[in-house]
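Q: Please read through the structure below; I'll follow up with questions.
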Amino acid sequence: MTDPASCGRPARYVADLPQPPRMLVMGVVNVTPDSFSDGGSWFETSDAIAHGLQLVAEGADLVDVGGESTRPGAQRPSVDEELRRVIPVVRELAAAGAVVSIDTMRATVAEQALAAGARLVNDVSGGLADPNMLDVVAAAEIPIVLMHWRGHSDRMQELTRYDDVVTDVIAELRPRIDAAVAAGVRPDRIAIDPGLGFAKTWDHNWTLLGRMREIVAMDFPVLLAASRKTFLGVLLSDPRTGERRPPAGRDAATDALTVPAALDRAWCVRVHTVPATLDAVHVAARLGEEYQKAGR
């Protein structure tokens, strides 16, 4: 559905998910031993569940549970290992009332996570990695996030050539949307993600952020996942040594990106820490009301 109220609020919402009068906040639960962002802090099932519950208590609208690291160069776990990591976490969080998203490229994992209570599939391959994914989502009648993707983590940084990164990302997302609709996924259950950091150079990420309104103009809810990514670490490098800012030191920069994304009317921001991001979202929503009055 479209919300015409003001900038600072999503241009479109995803059906069957929360629709607050502001951009949504998705908290990340990485059930992996090798995530770039948190170094495996939540790899143990009990730790991951506790972390997810904490994110919800802090105000996260959605909790994104993933069992496969997608950092550059990462090797894929087996299907059985991915299931072992995520299903107990999804089940417990959903039972506690959390709106759970399953972050997976595998239809088998998605199907079992949905049976365990997940309400959204976040597929960073946009349905390309597993030909059965879109059919599973359509049969379950649940929403999906389709991210722009060109290849798995072990080779994605070889695939960064674009004529114009924004135009090309839009052109490559449209067939994924068409494929989802053809499989039976309702259009109002589809969100898109420009895929910051996936087959993108640091400059590409900034260009996509600066032209976010062109992505939003595709008329599908937009998920922004910039949290703690390397391009922020590069920007914040130590001016004396050139050493990149570590992932845990990139949260303030992540929050700084939240306000323009909300003003550009993105649907949701995916982050590792919730409280400051939620504050930024509320600021953007209120500021958007004043922009609307001023005709900006």
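Numbering starts fresh at 1 for the residues of each chain in the structure tokens, the chains themselves are lettered A, B, ... in the order given, and ligands are numbered from 1 as they appear.
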Run DSSP on the backbone and grab whatever in segment 149-206 of chain A lands in strand (DSSP E); send it over as a list of chain:residue names.
A: A:Ile190, A:Ala191, A:Ile192, A:Asp193
Q: For the interface of segment 52-159 of chain A with segment 196-208 of chain A (cut-off 9 Å, counting only C-alpha atoms), please tabulate each contacting residue of segment 52-159 of chain A alongside its nearest pair of atoms and their separation in Å to one decimal, rows sorted by chain and increasing number, as CSV.
A:
```
residue,atom,partner,partner_atom,distance
A:Thr70,CA,A:Phe198,CA,8.7
A:Arg71,CA,A:Phe198,CA,8.8
A:Pro72,CA,A:Phe198,CA,8.2
A:Val124,CA,A:Phe198,CA,8.9
A:His148,CA,A:Phe198,CA,7.8
A:Trp149,CA,A:Phe198,CA,6.4
A:Arg150,CA,A:Ala199,CA,6.4
A:Gly151,CA,A:Ala199,CA,7.6
A:His152,CA,A:Phe198,CA,8.9
A:Ser153,CA,A:Phe198,CA,8.0
A:Arg155,CA,A:Ala199,CA,8.5
A:Met156,CA,A:Ala199,CA,4.8
A:Gln157,CA,A:Ala199,CA,5.0
A:Glu158,CA,A:Ala199,CA,7.1
A:Leu159,CA,A:Ala199,CA,5.3
```
Q: Give me, please, the distance in Å between atom CA of Gly210 of chain A and atom CA of Tyr291 of chain A, quoted to one decimal.
A: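 Rounded to one decimal, the two atoms are 18.5 Å apart.
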Q: Which of segment 29-68 of chain A end up as alpha helix (DSSP H) when DSSP is run on this backbone - answer as a PyMOL selection string?
A: chain A and resi 45-57
Q: Would you kindly return, as a tab-separated table (two decimals) with C-alpha atoms, in the first residue's frame, each protein, DNA or RNA residue with an atom no farther than 7 Å from any atom of segment 115-123 of chain A, considering only C-alpha atoms and excluding same-chain residues fewer than 4 positions away?
A:
```tsv
chain	number	residue	atom	x	y	z
A	87	ILE	CA	15.57	-23.12	12.89
A	90	VAL	CA	13.42	-18.72	14.42
A	91	ARG	CA	11.08	-21.01	16.36
A	94	ALA	CA	8.45	-16.38	16.65
A	99	VAL	CA	8.16	-10.75	13.53
A	100	VAL	CA	10.94	-12.94	12.16
A	101	SER	CA	12.62	-12.70	8.78
A	102	ILE	CA	14.74	-15.62	7.55
A	103	ASP	CA	17.89	-14.49	5.76
A	104	THR	CA	18.67	-17.35	3.38
A	105	MET	CA	19.32	-18.17	-0.25
A	110	ALA	CA	13.17	-20.85	3.88
A	111	GLU	CA	10.46	-23.52	3.86
A	127	GLY	CA	15.85	-15.81	-5.99
A	142	ILE	CA	4.41	-14.62	2.52
A	143	PRO	CA	6.56	-11.59	1.57
A	144	ILE	CA	10.07	-11.67	0.15
A	145	VAL	CA	12.95	-9.22	-0.14
A	146	LEU	CA	14.72	-9.49	-3.50
A	147	MET	CA	18.25	-8.11	-3.35
```
